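Notes follow the structure.
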Amino acid sequence: MRIPIPSFLCLAAVFAVLVTPANGEASLDGPLKVLKSVGSEGQGNAAASQAWPAVAAAGGSELTTILGAMDGANDYALNWLQAAVETVVQRETAAGRKLPVSELEGFLHDTGHHPRARRAAYDLILQAEPERARKLVPGFVNDPANELRRDAVQLLMDAAANQVASDKPAAVAGYRQALLDAREADQIEAIAKTLGELGEKVDLAQTFGWLTKWKLIGPFDNTGNAGFARAFPPEAQIDPAAEYDGKNGRVKWIGFESKDDYGIVDFNKPFEPLKEVAGYAMAEFWSATVRPAEVRLVCGNGWKVWVNGEYLFGRDEYHTGTEIDQFRLPVELQAGRNVILVKCTQNEQKEDWTKEWEFALRVTDLQGTPIRSAQ
Amino acid sequence: MNLFKPTASAAMKSLLLASALFAAVSLHAEDWPQFRGPHGDGIASGAKLPAKLDAQSVAWAADLPGRGVSSPIVVGDRVFVTSASGPKNERLRVLCFRLSDGMLRWERRFWATGRTMTHPKISTATPTPASDGRNVYALFSSNDCVALDLDGNLVWYRGLGRDYPNANNSLGMSSSPVVTAGVLIAQVESESESFTVGLDPATGVNHWKIERPKRSNWSSPVLTHGPDGTPVVLLQSSKGMVGVEPATGKILWKYDERSSEVPSTTPSHGRLYVPSQGLTVLEPVTGGPPKQVWHSAQLRPGTASPLVLGERVYALNDSGILSCGDIADGKRLWQLRLKGPFSATPVVADGLLYCVNEKGLVQVVDPAKPEGEVVSELDLGQTVIGSPAIAANSLFIRSDGKLWRIGRPSAL
């Protein structure tokens, strides 16, 4: 959308009408609605640029109103609102006025609000009354917002660390509790590492909830990376009994179970290290109910993912590093049997660090709690 | 794909002209408004910095939250720097400091909408922001792009990483945007999706968007001029380089030799010093591809971009070998071993090169000495990856934990 300058300038006048009710008192409803209307490719930006000053000019008593507008906001709008909150706070603080801490605390405790709005409320309490904020942290341990929960998990980790020298069993128990409560990979790994140093075993594969039982088929041809775009037969139909022409002869589905702590499904194991090839992995995943979930993928090769025949996403980037939960793909699981199909392509590079032809995958809720297959 | 339609050319040019007038650009010659300074060549014309640096040279050092390797920029009495924090470096920060004493004037934080995974050496805050004197435009590795006025008021926000979710690199993105009259240009290039976009500085919407080679690329666009004075933006990648009309994204010419995907081209006195085949010098030609003047495999920049000072060109490799060549023919004249390793591009003031290695050791090189000579050192004791800025007769360096102003007026 391109907006000619005259129209752009006229928006200010239009907006003045929009935000001023009949009684003459400025309302944030109109400008907040405009900010929440921003979308992809700058959609709504011109109007939002005009609306933003009215929101940012609000008094401290309006902070929870602005934070509340984050409910249901998309990720673009969240940032417009976040900037307004910080501008209000800067002005209020510079003027020596106190932030409405009690109101903010009430907002924070309402788990129905957007996680990032609640985190912003907590940050403001921390800024205004640090001791009061710190006392709230233990209560976040089961919070649905990871933005808050990880602080409580960190507190458990710190407490356990302080007990290692004086009371090792208590420290181990503390770390075990932290492991149960942690949802983010960096904290899970840190806790597991420390427990290992204390002589405790942690079943990482179980903790992360990797899918370990797969059927694999390959290799198909990926010469010149052309196989990434080419739809080989498993993309049209998954038939476990079928055989197809592969790159080096006939190929058929074979069983594969990952024993790796990090759930690695390594195509090089059954198919030997190969270059310029494509492989597919298929897993059944049983869900008790229809539910929203995330497919969380780790992959340093080209990849595509389908669930129940629906294409979720794919990218053809090679050997630039991996990390847990590298790619998060929202999906709705159907009740009963779900079929996950992963395509994994290997390129032509010959360096030692380009040998990997593999992926790992888990299914979680939106917070990162592993969902186990019901069968 | 060029999203800009030729039939809209006249209207677009009118719009850009109007936008440029609306912007009422207020940069000053002594500002350092973008990566490698006002001319994209790392040189602060007219600036004077102390040759002898020591602990007394530090005017102030301000604490920085989070981590970043972007360079500071300076506009008037304000120093801007970006940073990122949070468990996944997903909290994007833009900070503004008072130039005179390093006091934090304001900070704004945002949530990344794109991927924040990077190589641990860099950060979500790797691209250097740019300013047209009216706004500051901060691009992050997540391809989030934010425009703030100099007082920290939000002008617009774009989530390019959300809009184009495959245009990212698991090692991170580092290309720094440039802004010229009526357009902000961001080069967003990776194996999986690549484009360069010209954004409206007033609203952030796309003026144009062109497809680019699907290759990893960390180099930055460079603003320069053709022989006839028309503005050109250089887009470099491993597939070569193109000269593009900033207002429209129209490709004006191509250079097809493989170019580096890390250090960027340096414009100087009408010529382009391109990290290609070692170092290649191109001379733009009106209406056609640039003419190659020379290339030298002996002058091979590492991560740092080349520098041109007088009749000499300098290339610094990652381990710290500074090579000096003759701009007439590329003949290597001398080499000087500095204490490396290096990522930051050196900057130049008053004929001296200020080189900062990754360990935070500032080495001042006098290139006028017969074989070049390090004339002083200052150890900041913190990791430095980003290039320094020069303004107000001072060096501004961002280390892992601090923003430094080096150069007391009394020491000059």
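Residues in the structure tokens are named by chain (A, B, ... in the order shown) and by number from 1 within that chain; ligands are numbered from 1 in the order shown.
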Chain A residues within 6 Å of chain B, counting only C-alpha atoms: which ones, as a list in words?
Ser40, Gly42, Asn45, Ala46, Ser49, Asn79, Arg315, Asp316, Glu317 and Thr320 of chain A
Would you mind exporting all heavy atoms of the selected residues as a compact mmCIF listing (two decimals), in the first residue's frame?
# COMPACT_ATOMS: atom_id res chain seq x y z
N SER A 40 0.91 -7.55 8.25
CA SER A 40 2.12 -7.88 7.50
C SER A 40 2.43 -6.81 6.46
O SER A 40 1.54 -6.08 6.01
CB SER A 40 1.97 -9.25 6.84
OG SER A 40 0.90 -9.21 5.92
N GLY A 42 3.74 -3.99 6.58
CA GLY A 42 3.48 -2.60 6.93
C GLY A 42 2.04 -2.20 6.80
O GLY A 42 1.72 -1.00 6.88
N ASN A 45 0.44 0.66 8.90
CA ASN A 45 1.50 1.43 9.55
C ASN A 45 1.26 2.94 9.49
O ASN A 45 1.53 3.66 10.45
CB ASN A 45 2.86 1.12 8.90
CG ASN A 45 3.56 -0.04 9.57
OD1 ASN A 45 2.95 -0.77 10.35
ND2 ASN A 45 4.83 -0.23 9.26
N ALA A 46 0.78 3.41 8.32
CA ALA A 46 0.61 4.87 8.18
C ALA A 46 -0.38 5.39 9.21
O ALA A 46 -0.13 6.41 9.89
CB ALA A 46 0.16 5.20 6.76
N SER A 49 1.12 5.12 12.74
CA SER A 49 2.10 6.17 13.04
C SER A 49 1.39 7.42 13.56
O SER A 49 1.92 8.14 14.41
CB SER A 49 2.89 6.54 11.79
OG SER A 49 3.67 5.46 11.36
N ASN A 79 4.44 -4.83 19.50
CA ASN A 79 5.60 -3.94 19.58
C ASN A 79 5.20 -2.47 19.55
O ASN A 79 5.84 -1.64 20.20
CB ASN A 79 6.59 -4.28 18.47
CG ASN A 79 7.42 -5.50 18.82
OD1 ASN A 79 7.91 -5.62 19.94
ND2 ASN A 79 7.56 -6.43 17.88
N ARG A 315 12.45 -25.33 4.36
CA ARG A 315 13.50 -24.39 3.96
C ARG A 315 14.72 -25.17 3.50
O ARG A 315 15.01 -26.26 3.99
CB ARG A 315 13.86 -23.42 5.08
CG ARG A 315 14.24 -24.02 6.39
CD ARG A 315 14.39 -22.96 7.45
NE ARG A 315 15.67 -22.28 7.42
CZ ARG A 315 15.82 -20.98 7.18
NH1 ARG A 315 14.79 -20.21 6.94
NH2 ARG A 315 17.02 -20.44 7.18
N ASP A 316 15.43 -24.59 2.53
CA ASP A 316 16.60 -25.27 1.98
C ASP A 316 17.87 -24.51 2.35
O ASP A 316 18.51 -23.87 1.53
CB ASP A 316 16.48 -25.45 0.47
CG ASP A 316 16.10 -24.16 -0.26
OD1 ASP A 316 15.70 -23.21 0.41
OD2 ASP A 316 16.22 -24.13 -1.50
N GLU A 317 18.20 -24.60 3.62
CA GLU A 317 19.44 -24.04 4.16
C GLU A 317 20.26 -25.21 4.67
O GLU A 317 19.70 -26.14 5.24
CB GLU A 317 19.11 -23.08 5.31
CG GLU A 317 20.33 -22.49 5.99
CD GLU A 317 19.95 -21.68 7.23
OE1 GLU A 317 19.18 -22.19 8.06
OE2 GLU A 317 20.42 -20.56 7.35
N THR A 320 24.24 -24.70 8.73
CA THR A 320 24.51 -23.42 9.39
C THR A 320 24.21 -23.49 10.88
O THR A 320 24.08 -22.46 11.53
CB THR A 320 23.69 -22.27 8.75
OG1 THR A 320 22.32 -22.65 8.75
CG2 THR A 320 24.13 -21.99 7.34
With only C-alpha atoms as the counted atoms, please give the residues lying no more than 8 Å from region 282-295 of chain A, apart from itself and same-chain residues fewer than 6 positions off, as a compact mmCIF listing (two decimals) with N, CA and C atoms, in the first residue's frame.
# COMPACT_ATOMS: atom_id res chain seq x y z
N LEU A 211 10.30 -37.69 19.35
CA LEU A 211 9.73 -38.84 18.65
C LEU A 211 10.90 -39.71 18.21
N LYS A 213 10.52 -43.26 17.22
CA LYS A 213 10.23 -44.40 16.32
C LYS A 213 9.71 -43.88 14.98
N TRP A 214 10.47 -44.18 13.94
CA TRP A 214 10.18 -43.66 12.61
C TRP A 214 10.27 -44.77 11.56
N LYS A 215 9.71 -44.49 10.41
CA LYS A 215 10.01 -45.27 9.20
C LYS A 215 10.70 -44.32 8.22
N LEU A 216 11.79 -44.82 7.64
CA LEU A 216 12.58 -43.99 6.72
C LEU A 216 12.56 -44.59 5.32
N ARG A 328 9.63 -23.89 15.06
CA ARG A 328 8.37 -24.19 15.75
C ARG A 328 7.22 -24.02 14.77
N LEU A 329 6.50 -25.10 14.54
CA LEU A 329 5.45 -25.11 13.52
C LEU A 329 4.11 -25.36 14.19
N PRO A 330 3.24 -24.38 14.25
CA PRO A 330 1.92 -24.58 14.85
C PRO A 330 1.10 -25.58 14.03
N VAL A 331 0.34 -26.39 14.72
CA VAL A 331 -0.46 -27.41 14.04
C VAL A 331 -1.65 -27.74 14.92
N GLU A 332 -2.73 -28.23 14.31
CA GLU A 332 -3.83 -28.75 15.12
C GLU A 332 -3.84 -30.27 14.95
N LEU A 333 -3.66 -30.95 16.06
CA LEU A 333 -3.69 -32.41 16.01
C LEU A 333 -5.13 -32.87 15.93
N GLN A 334 -5.35 -33.91 15.18
CA GLN A 334 -6.69 -34.49 15.17
C GLN A 334 -6.76 -35.61 16.19
N ALA A 335 -7.95 -35.89 16.66
CA ALA A 335 -8.10 -36.99 17.61
C ALA A 335 -7.77 -38.30 16.92
N GLY A 336 -7.02 -39.14 17.61
CA GLY A 336 -6.64 -40.41 17.03
C GLY A 336 -5.31 -40.33 16.31
N ARG A 337 -5.23 -40.96 15.14
CA ARG A 337 -3.96 -41.11 14.44
C ARG A 337 -3.61 -39.85 13.64
N ASN A 338 -2.40 -39.36 13.83
CA ASN A 338 -1.84 -38.28 13.02
C ASN A 338 -0.57 -38.82 12.36
N VAL A 339 -0.35 -38.40 11.16
CA VAL A 339 0.85 -38.84 10.43
C VAL A 339 1.76 -37.65 10.19
N ILE A 340 2.99 -37.78 10.68
CA ILE A 340 3.99 -36.72 10.49
C ILE A 340 4.98 -37.19 9.44
N LEU A 341 5.17 -36.37 8.42
CA LEU A 341 6.13 -36.70 7.36
C LEU A 341 7.19 -35.61 7.31
N VAL A 342 8.45 -36.04 7.35
CA VAL A 342 9.57 -35.10 7.27
C VAL A 342 10.41 -35.45 6.03
N LEU A 361 12.75 -34.30 16.16
CA LEU A 361 11.42 -33.69 16.18
C LEU A 361 10.67 -34.08 17.45
N ARG A 362 9.98 -33.12 18.01
CA ARG A 362 9.07 -33.42 19.13
C ARG A 362 7.78 -32.65 18.93
N VAL A 363 6.76 -33.12 19.62
CA VAL A 363 5.46 -32.46 19.58
C VAL A 363 5.19 -31.94 20.98
N THR A 364 4.84 -30.66 21.07
CA THR A 364 4.64 -30.03 22.38
C THR A 364 3.35 -29.23 22.38
N ASP A 365 2.97 -28.81 23.58
CA ASP A 365 1.91 -27.80 23.63
C ASP A 365 2.55 -26.45 23.32
N LEU A 366 1.79 -25.40 23.38
CA LEU A 366 2.31 -24.11 22.95
C LEU A 366 3.37 -23.58 23.90
N SER A 373 2.77 -39.35 22.51
CA SER A 373 1.83 -40.06 21.66
C SER A 373 1.01 -41.01 22.53
N ALA A 374 -0.30 -41.03 22.30
CA ALA A 374 -1.18 -41.83 23.13
C ALA A 374 -1.00 -43.33 22.89
N GLN A 375 -0.33 -43.71 21.83
CA GLN A 375 -0.04 -45.13 21.57
C GLN A 375 1.44 -45.29 21.26
Do a neighbour search on region 363-371 of chain B at 10 Å with only C-alpha atoms, toss out local chain neighbours closer than 3 positions, and write the hits as a PDB file with N, CA and C atoms, in the first residue's frame.
ATOM      1  N   PRO B  50      43.217  11.574  19.394  1.00  0.00           N
ATOM      2  CA  PRO B  50      44.577  11.437  19.913  1.00  0.00           C
ATOM      3  C   PRO B  50      45.290  10.245  19.285  1.00  0.00           C
ATOM      4  N   ALA B  51      46.555  10.452  18.955  1.00  0.00           N
ATOM      5  CA  ALA B  51      47.366   9.340  18.440  1.00  0.00           C
ATOM      6  C   ALA B  51      47.818   8.447  19.580  1.00  0.00           C
ATOM      7  N   LYS B  52      48.061   9.057  20.705  1.00  0.00           N
ATOM      8  CA  LYS B  52      48.535   8.299  21.873  1.00  0.00           C
ATOM      9  C   LYS B  52      47.343   8.009  22.776  1.00  0.00           C
ATOM     10  N   LEU B  53      46.885   6.792  22.731  1.00  0.00           N
ATOM     11  CA  LEU B  53      45.767   6.409  23.586  1.00  0.00           C
ATOM     12  C   LEU B  53      46.284   5.764  24.863  1.00  0.00           C
ATOM     13  N   LEU B 309      42.898   5.452   1.882  1.00  0.00           N
ATOM     14  CA  LEU B 309      43.354   6.693   2.500  1.00  0.00           C
ATOM     15  C   LEU B 309      44.437   7.286   1.605  1.00  0.00           C
ATOM     16  N   ARG B 312      46.681   5.163  -0.925  1.00  0.00           N
ATOM     17  CA  ARG B 312      46.891   3.797  -0.420  1.00  0.00           C
ATOM     18  C   ARG B 312      45.558   3.129  -0.088  1.00  0.00           C
ATOM     19  N   TYR B 314      44.021  -0.268   2.146  1.00  0.00           N
ATOM     20  CA  TYR B 314      44.408  -1.150   3.256  1.00  0.00           C
ATOM     21  C   TYR B 314      43.405  -2.287   3.389  1.00  0.00           C
ATOM     22  N   LEU B 322      47.804  -6.457   8.379  1.00  0.00           N
ATOM     23  CA  LEU B 322      47.338  -5.265   7.677  1.00  0.00           C
ATOM     24  C   LEU B 322      48.201  -5.086   6.428  1.00  0.00           C
ATOM     25  N   SER B 323      47.568  -5.163   5.262  1.00  0.00           N
ATOM     26  CA  SER B 323      48.297  -5.029   4.003  1.00  0.00           C
ATOM     27  C   SER B 323      48.006  -3.678   3.396  1.00  0.00           C
ATOM     28  N   CYS B 324      49.065  -3.024   2.921  1.00  0.00           N
ATOM     29  CA  CYS B 324      48.934  -1.710   2.297  1.00  0.00           C
ATOM     30  C   CYS B 324      49.250  -1.838   0.817  1.00  0.00           C
ATOM     31  N   LEU B 333      52.556  -2.847  -0.921  1.00  0.00           N
ATOM     32  CA  LEU B 333      53.726  -2.059  -0.550  1.00  0.00           C
ATOM     33  C   LEU B 333      54.337  -2.529   0.753  1.00  0.00           C
ATOM     34  N   TRP B 334      53.495  -2.890   1.697  1.00  0.00           N
ATOM     35  CA  TRP B 334      54.009  -3.410   2.961  1.00  0.00           C
ATOM     36  C   TRP B 334      52.928  -4.160   3.716  1.00  0.00           C
ATOM     37  N   GLN B 335      53.364  -4.925   4.697  1.00  0.00           N
ATOM     38  CA  GLN B 335      52.432  -5.602   5.595  1.00  0.00           C
ATOM     39  C   GLN B 335      52.869  -5.354   7.025  1.00  0.00           C
ATOM     40  N   LEU B 336      51.897  -5.210   7.888  1.00  0.00           N
ATOM     41  CA  LEU B 336      52.166  -4.981   9.308  1.00  0.00           C
ATOM     42  C   LEU B 336      51.323  -5.965  10.108  1.00  0.00           C
ATOM     43  N   LEU B 338      49.399  -6.868  13.150  1.00  0.00           N
ATOM     44  CA  LEU B 338      48.746  -6.344  14.348  1.00  0.00           C
ATOM     45  C   LEU B 338      48.396  -7.510  15.259  1.00  0.00           C
ATOM     46  N   LYS B 339      48.016  -7.189  16.481  1.00  0.00           N
ATOM     47  CA  LYS B 339      47.576  -8.229  17.413  1.00  0.00           C
ATOM     48  C   LYS B 339      46.107  -8.542  17.140  1.00  0.00           C
ATOM     49  N   PRO B 346      38.500  -1.226  10.645  1.00  0.00           N
ATOM     50  CA  PRO B 346      39.142  -0.039  11.227  1.00  0.00           C
ATOM     51  C   PRO B 346      38.487   1.242  10.717  1.00  0.00           C
ATOM     52  N   VAL B 347      38.701   2.300  11.448  1.00  0.00           N
ATOM     53  CA  VAL B 347      38.221   3.611  11.019  1.00  0.00           C
ATOM     54  C   VAL B 347      39.404   4.574  10.974  1.00  0.00           C
ATOM     55  N   VAL B 348      39.216   5.673  10.287  1.00  0.00           N
ATOM     56  CA  VAL B 348      40.327   6.595  10.017  1.00  0.00           C
ATOM     57  C   VAL B 348      39.966   8.003  10.454  1.00  0.00           C
ATOM     58  N   ASP B 350      42.271  11.814  10.775  1.00  0.00           N
ATOM     59  CA  ASP B 350      43.514  12.581  10.739  1.00  0.00           C
ATOM     60  C   ASP B 350      44.706  11.721  10.303  1.00  0.00           C
ATOM     61  N   GLY B 351      44.463  10.869   9.337  1.00  0.00           N
ATOM     62  CA  GLY B 351      45.554  10.085   8.759  1.00  0.00           C
ATOM     63  C   GLY B 351      45.958   8.867   9.564  1.00  0.00           C
ATOM     64  N   LEU B 352      45.278   8.574  10.653  1.00  0.00           N
ATOM     65  CA  LEU B 352      45.609   7.403  11.481  1.00  0.00           C
ATOM     66  C   LEU B 352      44.505   6.355  11.387  1.00  0.00           C
ATOM     67  N   LEU B 353      44.920   5.085  11.450  1.00  0.00           N
ATOM     68  CA  LEU B 353      43.964   3.983  11.444  1.00  0.00           C
ATOM     69  C   LEU B 353      43.730   3.526  12.878  1.00  0.00           C
ATOM     70  N   TYR B 354      42.474   3.438  13.255  1.00  0.00           N
ATOM     71  CA  TYR B 354      42.110   2.948  14.589  1.00  0.00           C
ATOM     72  C   TYR B 354      41.533   1.547  14.418  1.00  0.00           C
ATOM     73  N   CYS B 355      42.317   0.563  14.860  1.00  0.00           N
ATOM     74  CA  CYS B 355      41.975  -0.842  14.641  1.00  0.00           C
ATOM     75  C   CYS B 355      41.689  -1.480  16.004  1.00  0.00           C
ATOM     76  N   VAL B 356      40.530  -2.111  16.142  1.00  0.00           N
ATOM     77  CA  VAL B 356      40.159  -2.722  17.423  1.00  0.00           C
ATOM     78  C   VAL B 356      40.015  -4.218  17.210  1.00  0.00           C
ATOM     79  N   ASN B 357      40.804  -5.004  17.947  1.00  0.00           N
ATOM     80  CA  ASN B 357      40.700  -6.449  17.745  1.00  0.00           C
ATOM     81  C   ASN B 357      39.576  -7.036  18.608  1.00  0.00           C
ATOM     82  N   GLY B 360      39.378  -6.479  22.302  1.00  0.00           N
ATOM     83  CA  GLY B 360      39.157  -5.119  22.786  1.00  0.00           C
ATOM     84  C   GLY B 360      40.420  -4.282  22.836  1.00  0.00           C
ATOM     85  N   VAL B 374      52.488   0.741  14.708  1.00  0.00           N
ATOM     86  CA  VAL B 374      51.521   0.925  15.786  1.00  0.00           C
ATOM     87  C   VAL B 374      52.084   1.975  16.735  1.00  0.00           C
ATOM     88  N   VAL B 375      51.385   3.088  16.879  1.00  0.00           N
ATOM     89  CA  VAL B 375      51.930   4.190  17.676  1.00  0.00           C
ATOM     90  C   VAL B 375      51.381   4.204  19.105  1.00  0.00           C
ATOM     91  N   SER B 376      50.267   3.527  19.325  1.00  0.00           N
ATOM     92  CA  SER B 376      49.797   3.387  20.713  1.00  0.00           C
ATOM     93  C   SER B 376      48.745   2.295  20.782  1.00  0.00           C
ATOM     94  N   GLU B 377      48.479   1.842  21.997  1.00  0.00           N
ATOM     95  CA  GLU B 377      47.475   0.810  22.226  1.00  0.00           C
ATOM     96  C   GLU B 377      46.653   1.180  23.463  1.00  0.00           C
ATOM     97  N   LEU B 378      45.429   0.719  23.459  1.00  0.00           N
ATOM     98  CA  LEU B 378      44.574   0.869  24.630  1.00  0.00           C
ATOM     99  C   LEU B 378      43.755  -0.407  24.765  1.00  0.00           C
ATOM    100  N   ASP B 379      43.887  -1.068  25.907  1.00  0.00           N
ATOM    101  CA  ASP B 379      43.174  -2.328  26.117  1.00  0.00           C
ATOM    102  C   ASP B 379      41.864  -2.053  26.855  1.00  0.00           C
TER     103      ASP B 379
END
Residues of region 162-218 of chain A classed as strand (DSSP E or B) by DSSP on the backbone are to be reported as a PyMOL selection string.
chain A and resi 210+213-218
Going by DSSP on the backbone, which residues of region 7-222 of chain B come out as alpha helix (DSSP H)? List them as a PyMOL selection string.
chain B and resi 9-23+160-163
Quick one: everything within 7 Å of Asp181 (chain A), counting only C-alpha atoms, minus sequence neighbours fewer than 4 positions away in the same chain. Send it as a ChimeraX atom specification.
/A:141-142,153,177
